[in-house]
>>> print(open('model19.cif').read())   # mmCIF, N, CA and C atoms
data_coords
loop_
_atom_site.label_atom_id
_atom_site.label_comp_id
_atom_site.auth_asym_id
_atom_site.auth_seq_id
_atom_site.Cartn_x
_atom_site.Cartn_y
_atom_site.Cartn_z
N MET A 1 30.77 62.63 -3.84
CA MET A 1 30.75 62.31 -2.43
C MET A 1 32.15 61.89 -1.99
N LYS A 2 32.53 62.34 -0.80
CA LYS A 2 33.85 62.01 -0.28
C LYS A 2 33.83 60.66 0.42
N THR A 3 34.96 59.96 0.33
CA THR A 3 35.08 58.67 1.02
C THR A 3 35.61 58.92 2.43
N VAL A 4 35.53 57.91 3.28
CA VAL A 4 36.02 58.04 4.65
C VAL A 4 37.49 58.46 4.68
N PRO A 5 38.39 57.81 3.92
CA PRO A 5 39.79 58.24 3.97
C PRO A 5 39.98 59.71 3.60
N GLU A 6 39.23 60.19 2.59
CA GLU A 6 39.36 61.60 2.22
C GLU A 6 38.88 62.49 3.35
N THR A 7 37.77 62.12 3.96
CA THR A 7 37.20 62.93 5.02
C THR A 7 38.10 62.95 6.25
N LEU A 8 38.73 61.84 6.56
CA LEU A 8 39.59 61.78 7.74
C LEU A 8 40.99 62.34 7.50
N GLU A 9 41.25 62.78 6.29
CA GLU A 9 42.59 63.25 5.98
C GLU A 9 43.60 62.18 6.37
N VAL A 10 43.76 61.20 5.51
CA VAL A 10 44.53 59.99 5.78
C VAL A 10 45.87 60.27 6.46
N LYS A 11 46.51 61.35 6.16
CA LYS A 11 47.83 61.61 6.73
C LYS A 11 47.77 62.29 8.10
N ARG A 12 46.59 62.71 8.53
CA ARG A 12 46.46 63.37 9.83
C ARG A 12 46.73 62.36 10.94
N LEU A 13 47.43 62.78 11.99
CA LEU A 13 47.86 61.87 13.04
C LEU A 13 47.01 62.00 14.31
N VAL A 14 46.99 60.92 15.05
CA VAL A 14 46.24 60.86 16.30
C VAL A 14 46.64 62.00 17.23
N ASN A 15 47.94 62.29 17.34
CA ASN A 15 48.39 63.32 18.29
C ASN A 15 47.91 64.72 17.92
N GLN A 16 47.36 64.88 16.72
CA GLN A 16 46.85 66.19 16.31
C GLN A 16 45.46 66.48 16.85
N ILE A 17 44.73 65.43 17.25
CA ILE A 17 43.39 65.67 17.77
C ILE A 17 43.13 65.03 19.14
N MET A 18 44.08 64.24 19.64
CA MET A 18 43.85 63.57 20.93
C MET A 18 43.81 64.60 22.06
N LYS A 19 43.15 64.20 23.13
CA LYS A 19 43.16 65.00 24.35
C LYS A 19 44.31 64.50 25.20
N ASP A 20 45.11 65.43 25.71
CA ASP A 20 46.26 64.99 26.50
C ASP A 20 46.03 65.13 28.01
N SER A 21 44.84 65.52 28.39
CA SER A 21 44.51 65.50 29.83
C SER A 21 43.68 64.25 30.07
N ILE A 22 44.31 63.24 30.64
CA ILE A 22 43.71 61.93 30.79
C ILE A 22 43.52 61.64 32.27
N LEU A 23 42.40 61.07 32.59
CA LEU A 23 42.12 60.70 33.97
C LEU A 23 42.45 59.24 34.16
N THR A 24 43.26 58.95 35.19
CA THR A 24 43.63 57.57 35.48
C THR A 24 43.21 57.24 36.91
N ILE A 25 43.13 55.95 37.16
CA ILE A 25 42.76 55.46 38.48
C ILE A 25 43.48 54.14 38.71
N ASP A 26 43.84 53.88 39.95
CA ASP A 26 44.53 52.63 40.28
C ASP A 26 43.55 51.47 40.24
N SER A 27 44.03 50.33 39.83
CA SER A 27 43.17 49.15 39.64
C SER A 27 42.58 48.61 40.95
N SER A 28 43.13 49.01 42.08
CA SER A 28 42.63 48.52 43.37
C SER A 28 41.48 49.34 43.94
N VAL A 29 41.18 50.46 43.32
CA VAL A 29 40.12 51.34 43.82
C VAL A 29 38.77 50.62 43.72
N PRO A 30 37.95 50.74 44.78
CA PRO A 30 36.62 50.12 44.73
C PRO A 30 35.73 50.75 43.65
N ALA A 31 34.85 49.94 43.10
CA ALA A 31 33.97 50.39 42.01
C ALA A 31 33.17 51.63 42.39
N TYR A 32 32.64 51.68 43.61
CA TYR A 32 31.83 52.84 43.99
C TYR A 32 32.64 54.12 43.99
N GLU A 33 33.93 54.07 44.37
CA GLU A 33 34.77 55.27 44.34
C GLU A 33 35.05 55.71 42.90
N ALA A 34 35.29 54.75 42.03
CA ALA A 34 35.52 55.07 40.62
C ALA A 34 34.27 55.71 40.02
N ALA A 35 33.10 55.13 40.32
CA ALA A 35 31.84 55.68 39.80
C ALA A 35 31.60 57.09 40.32
N LYS A 36 31.89 57.31 41.59
CA LYS A 36 31.71 58.64 42.18
C LYS A 36 32.66 59.65 41.51
N MET A 37 33.89 59.23 41.29
CA MET A 37 34.87 60.10 40.63
C MET A 37 34.40 60.47 39.22
N MET A 38 33.91 59.47 38.47
CA MET A 38 33.43 59.72 37.11
C MET A 38 32.25 60.68 37.13
N GLU A 39 31.35 60.52 38.10
CA GLU A 39 30.20 61.41 38.19
C GLU A 39 30.64 62.83 38.52
N GLU A 40 31.52 62.98 39.49
CA GLU A 40 31.98 64.31 39.90
C GLU A 40 32.72 65.03 38.77
N LEU A 41 33.48 64.27 37.98
CA LEU A 41 34.26 64.86 36.89
C LEU A 41 33.50 64.91 35.58
N ASN A 42 32.29 64.33 35.59
CA ASN A 42 31.44 64.30 34.39
C ASN A 42 32.16 63.67 33.20
N VAL A 43 32.73 62.48 33.43
CA VAL A 43 33.42 61.75 32.37
C VAL A 43 32.81 60.35 32.24
N GLY A 44 32.99 59.75 31.08
CA GLY A 44 32.44 58.43 30.82
C GLY A 44 33.44 57.31 30.93
N SER A 45 34.71 57.65 31.23
CA SER A 45 35.72 56.59 31.34
C SER A 45 36.92 57.06 32.14
N LEU A 46 37.65 56.08 32.64
CA LEU A 46 38.92 56.32 33.31
C LEU A 46 39.89 55.24 32.84
N VAL A 47 41.12 55.62 32.59
CA VAL A 47 42.15 54.63 32.26
C VAL A 47 42.64 54.04 33.57
N VAL A 48 42.72 52.72 33.62
CA VAL A 48 43.11 52.01 34.83
C VAL A 48 44.61 51.69 34.75
N ALA A 49 45.31 51.97 35.84
CA ALA A 49 46.76 51.75 35.85
C ALA A 49 47.18 50.90 37.05
N GLU A 50 48.29 50.21 36.86
CA GLU A 50 48.97 49.49 37.94
C GLU A 50 50.43 49.91 37.86
N ASN A 51 50.96 50.44 38.95
CA ASN A 51 52.33 50.95 38.97
C ASN A 51 52.56 51.95 37.85
N ASN A 52 51.59 52.82 37.63
CA ASN A 52 51.63 53.88 36.62
C ASN A 52 51.69 53.37 35.18
N VAL A 53 51.38 52.09 34.96
CA VAL A 53 51.34 51.53 33.62
C VAL A 53 49.86 51.25 33.28
N PRO A 54 49.37 51.77 32.15
CA PRO A 54 47.97 51.52 31.78
C PRO A 54 47.72 50.03 31.53
N VAL A 55 46.67 49.49 32.19
CA VAL A 55 46.37 48.07 32.05
C VAL A 55 44.94 47.82 31.58
N GLY A 56 44.12 48.84 31.58
CA GLY A 56 42.73 48.68 31.18
C GLY A 56 42.01 50.00 31.15
N ILE A 57 40.72 49.93 30.90
CA ILE A 57 39.88 51.12 30.91
C ILE A 57 38.54 50.73 31.53
N ILE A 58 37.98 51.64 32.28
CA ILE A 58 36.66 51.40 32.85
C ILE A 58 35.73 52.49 32.32
N THR A 59 34.59 52.07 31.85
CA THR A 59 33.63 53.00 31.26
C THR A 59 32.30 52.91 31.99
N ASP A 60 31.46 53.89 31.72
CA ASP A 60 30.12 53.87 32.31
C ASP A 60 29.39 52.59 31.90
N ARG A 61 29.69 52.08 30.72
CA ARG A 61 29.08 50.83 30.26
C ARG A 61 29.51 49.64 31.13
N ASP A 62 30.78 49.62 31.56
CA ASP A 62 31.25 48.55 32.44
C ASP A 62 30.43 48.50 33.72
N PHE A 63 30.12 49.67 34.27
CA PHE A 63 29.30 49.70 35.48
C PHE A 63 27.89 49.20 35.19
N ALA A 64 27.31 49.69 34.12
CA ALA A 64 25.93 49.34 33.79
C ALA A 64 25.79 47.85 33.51
N ILE A 65 26.72 47.28 32.78
CA ILE A 65 26.60 45.89 32.37
C ILE A 65 27.20 44.94 33.41
N LYS A 66 28.46 45.13 33.75
CA LYS A 66 29.17 44.14 34.56
C LYS A 66 28.72 44.12 36.02
N ILE A 67 28.60 45.26 36.64
CA ILE A 67 28.19 45.29 38.05
C ILE A 67 26.78 44.73 38.19
N THR A 68 25.89 45.18 37.34
CA THR A 68 24.50 44.73 37.43
C THR A 68 24.36 43.27 37.03
N ALA A 69 24.94 42.88 35.91
CA ALA A 69 24.78 41.52 35.41
C ALA A 69 25.37 40.46 36.35
N HIS A 70 26.46 40.82 37.02
CA HIS A 70 27.13 39.84 37.88
C HIS A 70 26.83 40.06 39.37
N SER A 71 26.05 41.07 39.66
CA SER A 71 25.70 41.40 41.06
C SER A 71 26.95 41.55 41.94
N TYR A 72 27.99 42.17 41.39
CA TYR A 72 29.18 42.42 42.19
C TYR A 72 28.87 43.44 43.28
N PRO A 73 29.48 43.31 44.45
CA PRO A 73 29.29 44.33 45.49
C PRO A 73 29.95 45.65 45.08
N ARG A 74 29.48 46.73 45.66
CA ARG A 74 29.97 48.05 45.26
C ARG A 74 31.44 48.28 45.60
N ASP A 75 32.01 47.48 46.49
CA ASP A 75 33.42 47.66 46.83
C ASP A 75 34.35 46.74 46.03
N THR A 76 33.82 46.15 44.97
CA THR A 76 34.64 45.32 44.08
C THR A 76 35.75 46.17 43.47
N PRO A 77 36.99 45.71 43.52
CA PRO A 77 38.08 46.47 42.88
C PRO A 77 37.82 46.58 41.37
N ILE A 78 38.11 47.73 40.82
CA ILE A 78 37.80 47.94 39.40
C ILE A 78 38.60 47.02 38.48
N ARG A 79 39.68 46.43 38.97
CA ARG A 79 40.42 45.48 38.13
C ARG A 79 39.52 44.31 37.71
N ARG A 80 38.47 44.02 38.51
CA ARG A 80 37.57 42.90 38.19
C ARG A 80 36.54 43.25 37.13
N ILE A 81 36.30 44.54 36.93
CA ILE A 81 35.25 44.93 35.98
C ILE A 81 35.77 45.75 34.81
N MET A 82 37.04 46.13 34.85
CA MET A 82 37.60 46.94 33.76
C MET A 82 37.70 46.12 32.48
N SER A 83 37.76 46.82 31.36
CA SER A 83 38.02 46.17 30.08
C SER A 83 39.54 46.04 29.95
N SER A 84 39.99 44.81 29.77
CA SER A 84 41.41 44.53 29.73
C SER A 84 41.62 43.26 28.91
N PRO A 85 42.73 43.12 28.21
CA PRO A 85 43.86 44.04 28.14
C PRO A 85 43.47 45.32 27.41
N ILE A 86 44.22 46.34 27.68
CA ILE A 86 43.93 47.64 27.09
C ILE A 86 44.21 47.60 25.58
N ILE A 87 43.29 48.13 24.83
CA ILE A 87 43.49 48.29 23.38
C ILE A 87 43.84 49.75 23.18
N SER A 88 44.97 50.00 22.57
CA SER A 88 45.46 51.37 22.46
C SER A 88 46.02 51.64 21.07
N ILE A 89 46.41 52.86 20.89
CA ILE A 89 47.00 53.31 19.62
C ILE A 89 48.16 54.23 19.96
N GLY A 90 49.07 54.40 19.02
CA GLY A 90 50.20 55.30 19.21
C GLY A 90 49.88 56.71 18.72
N PRO A 91 50.59 57.70 19.22
CA PRO A 91 50.32 59.09 18.84
C PRO A 91 50.64 59.41 17.38
N PHE A 92 51.48 58.59 16.75
CA PHE A 92 51.87 58.87 15.37
C PHE A 92 51.14 57.98 14.36
N ASP A 93 50.14 57.24 14.84
CA ASP A 93 49.27 56.50 13.93
C ASP A 93 48.29 57.48 13.29
N THR A 94 47.77 57.11 12.14
CA THR A 94 46.84 58.00 11.45
C THR A 94 45.44 57.88 12.03
N LEU A 95 44.62 58.88 11.74
CA LEU A 95 43.23 58.85 12.19
C LEU A 95 42.47 57.71 11.53
N LEU A 96 42.85 57.37 10.32
CA LEU A 96 42.21 56.24 9.65
C LEU A 96 42.47 54.95 10.41
N VAL A 97 43.70 54.74 10.86
CA VAL A 97 44.03 53.55 11.65
C VAL A 97 43.21 53.56 12.95
N ALA A 98 43.11 54.72 13.58
CA ALA A 98 42.33 54.84 14.82
C ALA A 98 40.86 54.50 14.56
N ALA A 99 40.30 55.03 13.49
CA ALA A 99 38.89 54.77 13.16
C ALA A 99 38.67 53.28 12.88
N GLU A 100 39.58 52.67 12.14
CA GLU A 100 39.44 51.24 11.84
C GLU A 100 39.54 50.39 13.10
N LEU A 101 40.48 50.74 13.99
CA LEU A 101 40.65 49.99 15.23
C LEU A 101 39.41 50.14 16.13
N MET A 102 38.90 51.36 16.23
CA MET A 102 37.71 51.59 17.04
C MET A 102 36.52 50.83 16.48
N SER A 103 36.37 50.84 15.18
CA SER A 103 35.26 50.15 14.54
C SER A 103 35.36 48.64 14.70
N SER A 104 36.53 48.09 14.42
CA SER A 104 36.69 46.63 14.48
C SER A 104 36.64 46.09 15.91
N SER A 105 36.97 46.93 16.89
CA SER A 105 36.97 46.50 18.29
C SER A 105 35.73 46.98 19.04
N ASN A 106 34.85 47.70 18.33
CA ASN A 106 33.63 48.24 18.94
C ASN A 106 33.94 49.12 20.15
N LEU A 107 34.86 50.08 19.96
CA LEU A 107 35.29 50.98 21.02
C LEU A 107 34.84 52.40 20.74
N ARG A 108 34.56 53.15 21.80
CA ARG A 108 34.25 54.57 21.67
C ARG A 108 35.39 55.44 22.20
N LYS A 109 36.29 54.82 22.97
CA LYS A 109 37.41 55.54 23.56
C LYS A 109 38.68 54.71 23.37
N LEU A 110 39.74 55.38 22.97
CA LEU A 110 40.98 54.67 22.65
C LEU A 110 42.16 55.39 23.31
N PRO A 111 42.75 54.78 24.34
CA PRO A 111 43.93 55.39 24.96
C PRO A 111 45.09 55.47 23.95
N VAL A 112 45.87 56.53 24.08
CA VAL A 112 47.04 56.73 23.23
C VAL A 112 48.27 56.48 24.11
N ILE A 113 49.05 55.48 23.71
CA ILE A 113 50.20 55.07 24.52
C ILE A 113 51.47 55.11 23.70
N GLN A 114 52.52 55.66 24.33
CA GLN A 114 53.84 55.70 23.70
C GLN A 114 54.85 55.24 24.75
N ASP A 115 55.64 54.24 24.42
CA ASP A 115 56.65 53.70 25.33
C ASP A 115 56.03 53.33 26.69
N GLU A 116 54.91 52.63 26.65
CA GLU A 116 54.17 52.17 27.84
C GLU A 116 53.66 53.31 28.71
N LYS A 117 53.68 54.53 28.19
CA LYS A 117 53.20 55.69 28.94
C LYS A 117 51.94 56.23 28.27
N LEU A 118 50.93 56.50 29.06
CA LEU A 118 49.70 57.08 28.57
C LEU A 118 49.95 58.54 28.23
N VAL A 119 49.73 58.91 26.96
CA VAL A 119 49.99 60.29 26.54
C VAL A 119 48.74 61.01 26.07
N GLY A 120 47.62 60.28 25.93
CA GLY A 120 46.39 60.93 25.49
C GLY A 120 45.27 59.93 25.35
N ILE A 121 44.14 60.44 24.87
CA ILE A 121 42.99 59.60 24.58
C ILE A 121 42.26 60.20 23.39
N ILE A 122 41.74 59.35 22.56
CA ILE A 122 40.97 59.79 21.39
C ILE A 122 39.62 59.07 21.46
N THR A 123 38.57 59.81 21.14
CA THR A 123 37.23 59.25 21.23
C THR A 123 36.55 59.25 19.87
N ALA A 124 35.48 58.49 19.79
CA ALA A 124 34.69 58.48 18.55
C ALA A 124 34.18 59.89 18.26
N THR A 125 33.84 60.62 19.30
CA THR A 125 33.38 62.01 19.12
C THR A 125 34.49 62.87 18.52
N ASP A 126 35.73 62.67 18.95
CA ASP A 126 36.86 63.42 18.38
C ASP A 126 36.96 63.17 16.87
N LEU A 127 36.82 61.90 16.47
CA LEU A 127 36.90 61.56 15.05
C LEU A 127 35.74 62.18 14.26
N ILE A 128 34.55 62.12 14.82
CA ILE A 128 33.38 62.71 14.14
C ILE A 128 33.55 64.21 14.01
N ASP A 129 33.97 64.86 15.08
CA ASP A 129 34.19 66.31 15.03
C ASP A 129 35.21 66.66 13.94
N CYS A 130 36.28 65.88 13.85
CA CYS A 130 37.32 66.11 12.84
C CYS A 130 36.74 65.96 11.44
N MET A 131 35.94 64.91 11.24
CA MET A 131 35.34 64.67 9.92
C MET A 131 34.40 65.80 9.54
N VAL A 132 33.57 66.23 10.48
CA VAL A 132 32.59 67.29 10.19
C VAL A 132 33.30 68.59 9.88
N LEU A 133 34.28 68.95 10.69
CA LEU A 133 35.01 70.19 10.44
C LEU A 133 35.73 70.15 9.11
N ASN A 134 36.35 69.01 8.78
CA ASN A 134 37.04 68.87 7.51
C ASN A 134 36.06 68.97 6.34
N ALA A 135 34.88 68.36 6.49
CA ALA A 135 33.87 68.43 5.43
C ALA A 135 33.45 69.86 5.18
N PHE A 136 33.26 70.64 6.23
CA PHE A 136 32.89 72.04 6.07
C PHE A 136 33.99 72.83 5.40
N LYS A 137 35.23 72.58 5.79
CA LYS A 137 36.36 73.31 5.19
C LYS A 137 36.50 72.99 3.72
N THR A 138 36.38 71.71 3.34
CA THR A 138 36.58 71.34 1.94
C THR A 138 35.42 71.76 1.06
N GLU A 139 34.26 71.96 1.65
CA GLU A 139 33.10 72.42 0.87
C GLU A 139 32.98 73.94 0.90
N ASN A 140 33.97 74.60 1.50
CA ASN A 140 34.00 76.06 1.61
C ASN A 140 32.79 76.63 2.33
N HIS A 141 32.30 75.93 3.30
CA HIS A 141 31.22 76.44 4.12
C HIS A 141 31.81 77.22 5.29
N PRO A 142 31.27 78.39 5.56
CA PRO A 142 31.73 79.10 6.76
C PRO A 142 31.21 78.38 8.00
N LEU A 143 32.03 78.36 9.04
CA LEU A 143 31.60 77.71 10.29
C LEU A 143 30.82 78.66 11.16
#
>>> encode(input="model19.cif", output="structure tokens")
Amino acid sequence: MKTVPETLEVKRLVNQIMKDSILTIDSSVPAYEAAKMMEELNVGSLVVAENNVPVGIITDRDFAIKITAHSYPRDTPIRRIMSSPIISIGPFDTLLVAAELMSSSNLRKLPVIQDEKLVGIITATDLIDCMVLNAFKTENHPL
């Protein structure tokens, strides 16, 4: 049986599997506009920025938990409900580091930041897909 480090290809880097098309939103945008944008784009998160610098992330879970639990009005600026400070990873970190950070921080989405600039995002699904594809390749299974 393979261990997690073997399956994740310890030397493989975040920038090899991250998505580089990232959706951002300004922290002053009202919650209802952010939710509408996420619905229209069929995404579960948006990276929140102030002056083009990533400062947090807002997820569908933030809406479900924070808006409902605190009875915030729908025009609440997303800066009040976003997850912050932003927990991120660099593009040249390994997938193992990304997996450990996501696990220890209980995250499903991890922005990739280089020199204070958002360059990508990696998700738990990205890591699982990588592990499954690698497992098939190493077991010589045709895809």
>>> resolve_selection(input="model19.cif", expression="the PyMOL selection byres (((chain A and resi 45-53 and name CA) around 9) and name CA)", output="list in words")
Ile22, Leu23, Thr24, Ile25, Asp26, Ser27, Ser28, Ala34, Met38, Val43, Gly44, Pro54, Val55, Gly56, Ile57, Ile58, Thr59, Asp60, Arg61, Ile78, Arg79, Met82, Ile86, Lys109, Pro111, Glu116, Lys117 and Leu118 of chain A
>>> write_last_selection(input="model19.cif", atoms="N, CA and C atoms", output="PDB file, in the frame of the given file")
ATOM      1  N   ILE A  22      44.310  63.240  30.640  1.00  0.00           N
ATOM      2  CA  ILE A  22      43.710  61.930  30.790  1.00  0.00           C
ATOM      3  C   ILE A  22      43.520  61.640  32.270  1.00  0.00           C
ATOM      4  N   LEU A  23      42.400  61.070  32.590  1.00  0.00           N
ATOM      5  CA  LEU A  23      42.120  60.700  33.970  1.00  0.00           C
ATOM      6  C   LEU A  23      42.450  59.240  34.160  1.00  0.00           C
ATOM      7  N   THR A  24      43.260  58.950  35.190  1.00  0.00           N
ATOM      8  CA  THR A  24      43.630  57.570  35.480  1.00  0.00           C
ATOM      9  C   THR A  24      43.210  57.240  36.910  1.00  0.00           C
ATOM     10  N   ILE A  25      43.130  55.950  37.160  1.00  0.00           N
ATOM     11  CA  ILE A  25      42.760  55.460  38.480  1.00  0.00           C
ATOM     12  C   ILE A  25      43.480  54.140  38.710  1.00  0.00           C
ATOM     13  N   ASP A  26      43.840  53.880  39.950  1.00  0.00           N
ATOM     14  CA  ASP A  26      44.530  52.630  40.280  1.00  0.00           C
ATOM     15  C   ASP A  26      43.550  51.470  40.240  1.00  0.00           C
ATOM     16  N   SER A  27      44.030  50.330  39.830  1.00  0.00           N
ATOM     17  CA  SER A  27      43.170  49.150  39.640  1.00  0.00           C
ATOM     18  C   SER A  27      42.580  48.610  40.950  1.00  0.00           C
ATOM     19  N   SER A  28      43.130  49.010  42.080  1.00  0.00           N
ATOM     20  CA  SER A  28      42.630  48.520  43.370  1.00  0.00           C
ATOM     21  C   SER A  28      41.480  49.340  43.940  1.00  0.00           C
ATOM     22  N   ALA A  34      35.290  54.750  42.030  1.00  0.00           N
ATOM     23  CA  ALA A  34      35.520  55.070  40.620  1.00  0.00           C
ATOM     24  C   ALA A  34      34.270  55.710  40.020  1.00  0.00           C
ATOM     25  N   MET A  38      33.910  59.470  38.470  1.00  0.00           N
ATOM     26  CA  MET A  38      33.430  59.720  37.110  1.00  0.00           C
ATOM     27  C   MET A  38      32.250  60.680  37.130  1.00  0.00           C
ATOM     28  N   VAL A  43      32.730  62.480  33.430  1.00  0.00           N
ATOM     29  CA  VAL A  43      33.420  61.750  32.370  1.00  0.00           C
ATOM     30  C   VAL A  43      32.810  60.350  32.240  1.00  0.00           C
ATOM     31  N   GLY A  44      32.990  59.750  31.080  1.00  0.00           N
ATOM     32  CA  GLY A  44      32.440  58.430  30.820  1.00  0.00           C
ATOM     33  C   GLY A  44      33.440  57.310  30.930  1.00  0.00           C
ATOM     34  N   PRO A  54      49.370  51.770  32.150  1.00  0.00           N
ATOM     35  CA  PRO A  54      47.970  51.520  31.780  1.00  0.00           C
ATOM     36  C   PRO A  54      47.720  50.030  31.530  1.00  0.00           C
ATOM     37  N   VAL A  55      46.670  49.490  32.190  1.00  0.00           N
ATOM     38  CA  VAL A  55      46.370  48.070  32.050  1.00  0.00           C
ATOM     39  C   VAL A  55      44.940  47.820  31.580  1.00  0.00           C
ATOM     40  N   GLY A  56      44.120  48.840  31.580  1.00  0.00           N
ATOM     41  CA  GLY A  56      42.730  48.680  31.180  1.00  0.00           C
ATOM     42  C   GLY A  56      42.010  50.000  31.150  1.00  0.00           C
ATOM     43  N   ILE A  57      40.720  49.930  30.900  1.00  0.00           N
ATOM     44  CA  ILE A  57      39.880  51.120  30.910  1.00  0.00           C
ATOM     45  C   ILE A  57      38.540  50.730  31.530  1.00  0.00           C
ATOM     46  N   ILE A  58      37.980  51.640  32.280  1.00  0.00           N
ATOM     47  CA  ILE A  58      36.660  51.400  32.850  1.00  0.00           C
ATOM     48  C   ILE A  58      35.730  52.490  32.320  1.00  0.00           C
ATOM     49  N   THR A  59      34.590  52.070  31.850  1.00  0.00           N
ATOM     50  CA  THR A  59      33.630  53.000  31.260  1.00  0.00           C
ATOM     51  C   THR A  59      32.300  52.910  31.990  1.00  0.00           C
ATOM     52  N   ASP A  60      31.460  53.890  31.720  1.00  0.00           N
ATOM     53  CA  ASP A  60      30.120  53.870  32.310  1.00  0.00           C
ATOM     54  C   ASP A  60      29.390  52.590  31.900  1.00  0.00           C
ATOM     55  N   ARG A  61      29.690  52.080  30.720  1.00  0.00           N
ATOM     56  CA  ARG A  61      29.080  50.830  30.260  1.00  0.00           C
ATOM     57  C   ARG A  61      29.510  49.640  31.130  1.00  0.00           C
ATOM     58  N   ILE A  78      38.110  47.730  40.820  1.00  0.00           N
ATOM     59  CA  ILE A  78      37.800  47.940  39.400  1.00  0.00           C
ATOM     60  C   ILE A  78      38.600  47.020  38.480  1.00  0.00           C
ATOM     61  N   ARG A  79      39.680  46.430  38.970  1.00  0.00           N
ATOM     62  CA  ARG A  79      40.420  45.480  38.130  1.00  0.00           C
ATOM     63  C   ARG A  79      39.520  44.310  37.710  1.00  0.00           C
ATOM     64  N   MET A  82      37.040  46.130  34.850  1.00  0.00           N
ATOM     65  CA  MET A  82      37.600  46.940  33.760  1.00  0.00           C
ATOM     66  C   MET A  82      37.700  46.120  32.480  1.00  0.00           C
ATOM     67  N   ILE A  86      44.220  46.340  27.680  1.00  0.00           N
ATOM     68  CA  ILE A  86      43.930  47.640  27.090  1.00  0.00           C
ATOM     69  C   ILE A  86      44.210  47.600  25.580  1.00  0.00           C
ATOM     70  N   LYS A 109      36.290  54.820  22.970  1.00  0.00           N
ATOM     71  CA  LYS A 109      37.410  55.540  23.560  1.00  0.00           C
ATOM     72  C   LYS A 109      38.680  54.710  23.370  1.00  0.00           C
ATOM     73  N   PRO A 111      42.750  54.780  24.340  1.00  0.00           N
ATOM     74  CA  PRO A 111      43.930  55.390  24.960  1.00  0.00           C
ATOM     75  C   PRO A 111      45.090  55.470  23.950  1.00  0.00           C
ATOM     76  N   GLU A 116      54.910  52.630  26.650  1.00  0.00           N
ATOM     77  CA  GLU A 116      54.170  52.170  27.840  1.00  0.00           C
ATOM     78  C   GLU A 116      53.660  53.310  28.710  1.00  0.00           C
ATOM     79  N   LYS A 117      53.680  54.530  28.190  1.00  0.00           N
ATOM     80  CA  LYS A 117      53.200  55.690  28.940  1.00  0.00           C
ATOM     81  C   LYS A 117      51.940  56.230  28.270  1.00  0.00           C
ATOM     82  N   LEU A 118      50.930  56.500  29.060  1.00  0.00           N
ATOM     83  CA  LEU A 118      49.700  57.080  28.570  1.00  0.00           C
ATOM     84  C   LEU A 118      49.950  58.540  28.230  1.00  0.00           C
TER      85      LEU A 118
END
>>> atom_distance(input="model19.cif", atom1="CA of Lys36 in chain A", atom2="CA of Ile113 in chain A")
25.8 Å
>>> select_by_dssp(input="model19.cif", residues="range 32-125 of chain A", states="strand (DSSP E or B)", output="PyMOL selection string")
chain A and resi 45-50+53-59+77+83+89+94+109-114+117-123
>>> atom_distance(input="model19.cif", atom1="CA of Val132 in chain A", atom2="atom N of Ile87 in chain A")
26.4 Å
>>> residues_around(input="model19.cif", residues="Ala98 in chain A", least_positions_apart="6", cutoff="8 Å", atoms="all atoms listed in the file", output="list in words")
Val14, Ser88, Ile89, Gly90, Ser104 and Leu110 of chain A
>>> atom_distance(input="model19.cif", atom1="atom N of Val119 in chain A", atom2="CA of Ser21 in chain A")
8.9 Å
>>> closest_residue(input="model19.cif", among="A:Leu101, A:Val29, A:Met18, A:Leu107", to="Ile122 in chain A", atoms="all atoms listed in the file")
A:Met18
>>> residues_around(input="model19.cif", residues="Thr125 in chain A", least_positions_apart="5", cutoff="8 Å", atoms="all atoms listed in the file", output="NGL selection string")
:A and (108-109 or 130-131)
>>> closest_residue(input="model19.cif", among="A:Glu33, A:Ser105, A:Asp93, A:Asp126", to="Ile17 in chain A", atoms="only N, CA and C atoms")
A:Asp126
>>> select_by_dssp(input="model19.cif", residues="range 33-107 of chain A", states="alpha helix (DSSP H)", output="PyMOL selection string")
chain A and resi 33-41+60-62+68-70+95-105
>>> closest_residue(input="model19.cif", among="A:Pro30, A:Ser83, A:Ala35, A:Asn42", to="Phe63 in chain A", atoms="only C-alpha atoms")
A:Ala35
>>> closest_residue(input="model19.cif", among="A:Lys66, A:Gln114, A:Tyr32, A:Ile128", to="Phe92 in chain A", atoms="all atoms listed in the file")
A:Gln114
>>> closest_residue(input="model19.cif", among="A:Ala69, A:Met37, A:Lys19, A:Pro85", to="Thr123 in chain A", atoms="only N, CA and C atoms")
A:Lys19
>>> closest_residue(input="model19.cif", among="A:Ala31, A:Ile121, A:Leu127, A:Asn15", to="Tyr72 in chain A", atoms="only C-alpha atoms")
A:Ala31
